[in-house]
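Working notes, structure below.
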Amino acid sequence: MTRIIKDIDTIVSELRNGNVAGIPSETVYGLGADALNENAVLKIYETKDRPRFNPIIVHVSQISDLEKYGDNIPDSVFKLAERFSPGPVTFILKKKNIIPDIVTAGNDSVGLRIPAHSLFREVIRESNLPIAAPSANRAGKISPTSAEDVLTELDGRINYILDGGKSEIGIESTVISFLDEVPVILRHGYVTEDDIVKVIGKIKVREPGKFISPGMLKSHYAPSTPLYIVKDLNEIGSAEGMKIGILDFSLYSDLKETALNLFSDLRELDKKKYDLIIAKKVINEGIGIAINDRLDRASSGSLKDVNFKLLKKNIYS
């Protein structure tokens with residue numbers, strides 16, 4: 001049976017013993033294991049049913065730790081780290097051999113992040129381990145932003161979840177690759193493209209390629225209920241007569257508040273067993289780019305492309 005606890009020592013003991021545990025972060029809750037223990041990292045993949053080609057971010061305690069696990073680190077990484085770390089930004093760097101290949105899905109690079117959540121940082125310090133930790137949900141499903149969400153996803157699959165309250169940001173970290181001369185954003189997040197440019201200058205946004213970072217799967221963050229994107233929340237047309245949940249971002253005062261509630265609202269709608277959920281994208285700038293990215297990956301497409309006659313038949317047959 002999985003237990004939600006507040007005892008950091010128990011979590012540290014789990015990690016040192018080669019087990020996995022739910023750990024709070026400022027972005028979303030993570031499923032943590034000793035990044036240097038191949039068998040422990042394998043448990044992450046098995047617990048989440050995570051594809052083995054999808055690498056895992058490694059969490060460390062301080063900026064100097066980047067040099068323990070990353071190689072040939074450019075100055076721009078340290079400039080960004082001084083500005084945004086601890087915080088929701090992940091650096092993709094050439095890895096040192098100390099990092100097992102299972103963590104990086106066989107890539108010669110590794111994603112390193114310094115989390116801001118005080119409990120996560122304390123776990124890292126007390127365990128004296130780098131912590132490999134993807135989001136603590138079943139692969140492809142909605143990321144968890146509370147200990148209760150993790151329990152819903154992984155009950156019976158892990159022993160403990162460390163309760164750190166609701167995540168303060170609510171979406172995963174921004175991921176930036178420093179493998180090429182010009183840094184590349186691989187995943188949009190709370191730290192925006194404009195934020196990064198102000199610190200280090202020119203950057204690029206990723207093009208499709210091999211998986212060197214989490215968050216690059218086309219389908220991800222998905223509820224069990226089909227989610228469709230609309231241009232207008234009143235755009236239900238021939239979907240009338242069906243039970244429809246609305247992911248309504250007008251409830252929130254700004255994009256930061258929207259990001260904070262995105263996954264938790266989607267999870268609540270999913271629990272209500274609607275026939276489908278609809279959402280309208282937010283303005284595509286700043287954090288809005290990250291929100292829209294998550295919506296695209298969570299969705300089954302655009303509502304206008306749906307064959308509702310067939311959808312109704314599948315639902316009600």
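Following the order of the structure tokens, first chain is A, next is B, and so on, with residues numbered from 1 inside each chain and ligands from 1 in the order they appear.
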Would you pick out the contacts of Leu15 of chain A at 9 Å or less, using only C-alpha atoms, so that residues sharing its chain but fewer than 3 positions from it are not included, and give the list as a count of residues only?
14
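Between Ile63 of chain A and the residues A:Leu112, A:Ile23, A:Ile229, A:Val191, the shortest atom-to-atom distance, using only C-alpha atoms, involves A:Leu112.
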Open item on the list: To test your reading of the structure, identify every residue in segment 119-280 of chain A that backbone DSSP assigns to alpha helix (DSSP H), and report it as number ranges by chain.
Closed with: A: 119-127, 147-154, 193-200, 255-271
Write the selection just made, keeping C-alpha atoms, as a PDB file, in the first residue's frame?
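Below you can see part_35.pdb, which holds the result:
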```pdb
ATOM      1  CA  LEU A 119      11.723  19.469   0.422  1.00  0.00           C
ATOM      2  CA  PHE A 120      13.173  18.157  -2.828  1.00  0.00           C
ATOM      3  CA  ARG A 121      16.396  20.037  -2.178  1.00  0.00           C
ATOM      4  CA  GLU A 122      16.553  18.612   1.338  1.00  0.00           C
ATOM      5  CA  VAL A 123      16.089  15.078   0.002  1.00  0.00           C
ATOM      6  CA  ILE A 124      18.994  15.613  -2.406  1.00  0.00           C
ATOM      7  CA  ARG A 125      21.224  17.039   0.333  1.00  0.00           C
ATOM      8  CA  GLU A 126      20.414  14.368   2.935  1.00  0.00           C
ATOM      9  CA  SER A 127      20.743  11.474   0.510  1.00  0.00           C
ATOM     10  CA  ALA A 147       0.580  14.101  -3.419  1.00  0.00           C
ATOM     11  CA  GLU A 148      -3.012  12.938  -3.852  1.00  0.00           C
ATOM     12  CA  ASP A 149      -2.591  13.044  -7.639  1.00  0.00           C
ATOM     13  CA  VAL A 150       0.459  10.795  -7.348  1.00  0.00           C
ATOM     14  CA  LEU A 151      -1.505   8.387  -5.159  1.00  0.00           C
ATOM     15  CA  THR A 152      -4.234   8.223  -7.800  1.00  0.00           C
ATOM     16  CA  GLU A 153      -1.666   7.432 -10.483  1.00  0.00           C
ATOM     17  CA  LEU A 154       0.704   5.073  -8.674  1.00  0.00           C
ATOM     18  CA  GLU A 193      12.164  32.206 -24.535  1.00  0.00           C
ATOM     19  CA  ASP A 194      12.253  35.956 -23.859  1.00  0.00           C
ATOM     20  CA  ASP A 195      13.617  35.342 -20.361  1.00  0.00           C
ATOM     21  CA  ILE A 196      16.442  33.241 -21.786  1.00  0.00           C
ATOM     22  CA  VAL A 197      17.323  35.620 -24.614  1.00  0.00           C
ATOM     23  CA  LYS A 198      17.706  38.471 -22.139  1.00  0.00           C
ATOM     24  CA  VAL A 199      20.434  36.521 -20.334  1.00  0.00           C
ATOM     25  CA  ILE A 200      22.388  34.744 -23.079  1.00  0.00           C
ATOM     26  CA  LEU A 255      -1.037  32.949 -17.569  1.00  0.00           C
ATOM     27  CA  LYS A 256       0.941  32.028 -14.448  1.00  0.00           C
ATOM     28  CA  GLU A 257      -2.269  31.190 -12.607  1.00  0.00           C
ATOM     29  CA  THR A 258      -3.516  29.311 -15.680  1.00  0.00           C
ATOM     30  CA  ALA A 259      -0.325  27.218 -15.801  1.00  0.00           C
ATOM     31  CA  LEU A 260      -0.591  26.502 -12.079  1.00  0.00           C
ATOM     32  CA  ASN A 261      -4.088  25.040 -12.501  1.00  0.00           C
ATOM     33  CA  LEU A 262      -3.808  23.440 -15.955  1.00  0.00           C
ATOM     34  CA  PHE A 263      -3.109  19.848 -14.943  1.00  0.00           C
ATOM     35  CA  SER A 264      -5.179  19.860 -11.757  1.00  0.00           C
ATOM     36  CA  ASP A 265      -8.238  21.231 -13.601  1.00  0.00           C
ATOM     37  CA  LEU A 266      -7.774  18.699 -16.388  1.00  0.00           C
ATOM     38  CA  ARG A 267      -7.521  15.904 -13.841  1.00  0.00           C
ATOM     39  CA  GLU A 268     -10.732  17.046 -12.093  1.00  0.00           C
ATOM     40  CA  LEU A 269     -12.629  17.140 -15.393  1.00  0.00           C
ATOM     41  CA  ASP A 270     -11.310  13.693 -16.253  1.00  0.00           C
ATOM     42  CA  LYS A 271     -12.740  12.301 -13.009  1.00  0.00           C
TER      43      LYS A 271
END
```
**Asked** Within 12 Å of Phe91 of chain A, counting only C-alpha atoms, which residues qualify if same-chain residues fewer than 5 places away don't, as a PyMOL selection string?
**Response** chain A and resi 57-60+63+66-67+69-71+73-74+76-81+84-85+109-114+173-179+183-187+212-214
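The coordinates place atom CA of Leu31 of chain A at 16.5 Å from atom CA of Asp9 of chain A.
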* Secondary structure check, strand (DSSP E) residues of segment 104-253 of chain A, as a ChimeraX atom specification -> /A:109-113,131-132,160-162,174-177,184-187,204-205,227-230,244-247
Write the selection just made, keeping N, CA and C atoms, as a compact mmCIF listing (two decimals), in the first residue's frame?
```txt
# COMPACT_ATOMS: atom_id res chain seq x y z
N SER A 109 24.20 12.65 -23.77
CA SER A 109 23.86 13.90 -23.09
C SER A 109 22.94 13.61 -21.92
N VAL A 110 22.87 14.57 -20.99
CA VAL A 110 22.02 14.41 -19.82
C VAL A 110 21.34 15.74 -19.49
N GLY A 111 20.10 15.65 -19.02
CA GLY A 111 19.38 16.83 -18.55
C GLY A 111 19.60 17.01 -17.06
N LEU A 112 20.08 18.19 -16.66
CA LEU A 112 20.36 18.48 -15.25
C LEU A 112 19.52 19.68 -14.80
N ARG A 113 18.93 19.55 -13.62
CA ARG A 113 18.11 20.64 -13.08
C ARG A 113 18.35 20.77 -11.59
N ILE A 131 19.26 12.89 -8.14
CA ILE A 131 17.97 12.20 -8.19
C ILE A 131 17.39 12.25 -9.60
N ALA A 132 17.29 11.09 -10.23
CA ALA A 132 16.58 10.99 -11.51
C ALA A 132 15.09 11.03 -11.21
N TYR A 160 6.08 5.15 -0.87
CA TYR A 160 5.87 6.44 -0.20
C TYR A 160 5.80 7.60 -1.19
N ILE A 161 5.02 8.60 -0.77
CA ILE A 161 4.96 9.89 -1.47
C ILE A 161 5.21 10.96 -0.42
N LEU A 162 6.18 11.81 -0.67
CA LEU A 162 6.47 12.91 0.25
C LEU A 162 5.52 14.07 -0.04
N THR A 174 11.32 24.28 -18.26
CA THR A 174 11.85 24.60 -19.59
C THR A 174 13.12 23.79 -19.80
N VAL A 175 13.26 23.18 -20.97
CA VAL A 175 14.44 22.37 -21.26
C VAL A 175 15.23 23.02 -22.40
N ILE A 176 16.53 23.28 -22.14
CA ILE A 176 17.39 23.94 -23.13
C ILE A 176 18.60 23.06 -23.40
N SER A 177 18.86 22.80 -24.68
CA SER A 177 20.03 22.01 -25.07
C SER A 177 21.21 22.91 -25.38
N VAL A 184 19.30 25.51 -27.83
CA VAL A 184 18.00 25.19 -28.42
C VAL A 184 16.99 24.87 -27.31
N ILE A 185 15.82 25.51 -27.35
CA ILE A 185 14.74 25.16 -26.43
C ILE A 185 14.07 23.89 -26.94
N LEU A 186 14.13 22.84 -26.13
CA LEU A 186 13.52 21.56 -26.50
C LEU A 186 12.11 21.42 -25.93
N ARG A 187 11.86 22.08 -24.81
CA ARG A 187 10.52 22.07 -24.22
C ARG A 187 10.26 23.43 -23.57
N LYS A 204 17.59 29.04 -30.35
CA LYS A 204 16.69 28.46 -31.35
C LYS A 204 15.63 27.63 -30.63
N VAL A 205 14.56 27.31 -31.36
CA VAL A 205 13.52 26.42 -30.84
C VAL A 205 13.63 25.11 -31.60
N LEU A 227 -9.74 14.95 -25.21
CA LEU A 227 -9.65 16.40 -25.11
C LEU A 227 -9.53 16.97 -26.52
N TYR A 228 -10.38 17.96 -26.84
CA TYR A 228 -10.34 18.58 -28.16
C TYR A 228 -10.12 20.08 -28.04
N ILE A 229 -9.37 20.61 -28.99
CA ILE A 229 -9.08 22.04 -29.03
C ILE A 229 -10.14 22.75 -29.87
N VAL A 230 -10.64 23.88 -29.38
CA VAL A 230 -11.64 24.67 -30.10
C VAL A 230 -11.16 26.11 -30.23
N ILE A 244 -20.25 17.26 -22.02
CA ILE A 244 -19.01 17.95 -22.38
C ILE A 244 -18.45 18.71 -21.18
N GLY A 245 -17.19 18.50 -20.88
CA GLY A 245 -16.48 19.26 -19.86
C GLY A 245 -15.71 20.39 -20.51
N ILE A 246 -15.67 21.54 -19.85
CA ILE A 246 -14.98 22.72 -20.41
C ILE A 246 -13.79 23.08 -19.54
N LEU A 247 -12.62 23.10 -20.14
CA LEU A 247 -11.40 23.55 -19.46
C LEU A 247 -11.36 25.07 -19.64
```
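Of the residues under consideration (A:Ile4, A:Ala279, A:Ala105, A:Ala116), A:Ala105 shows the shortest atom-to-atom contact distance to Pro51 of chain A when counting only C-alpha atoms.
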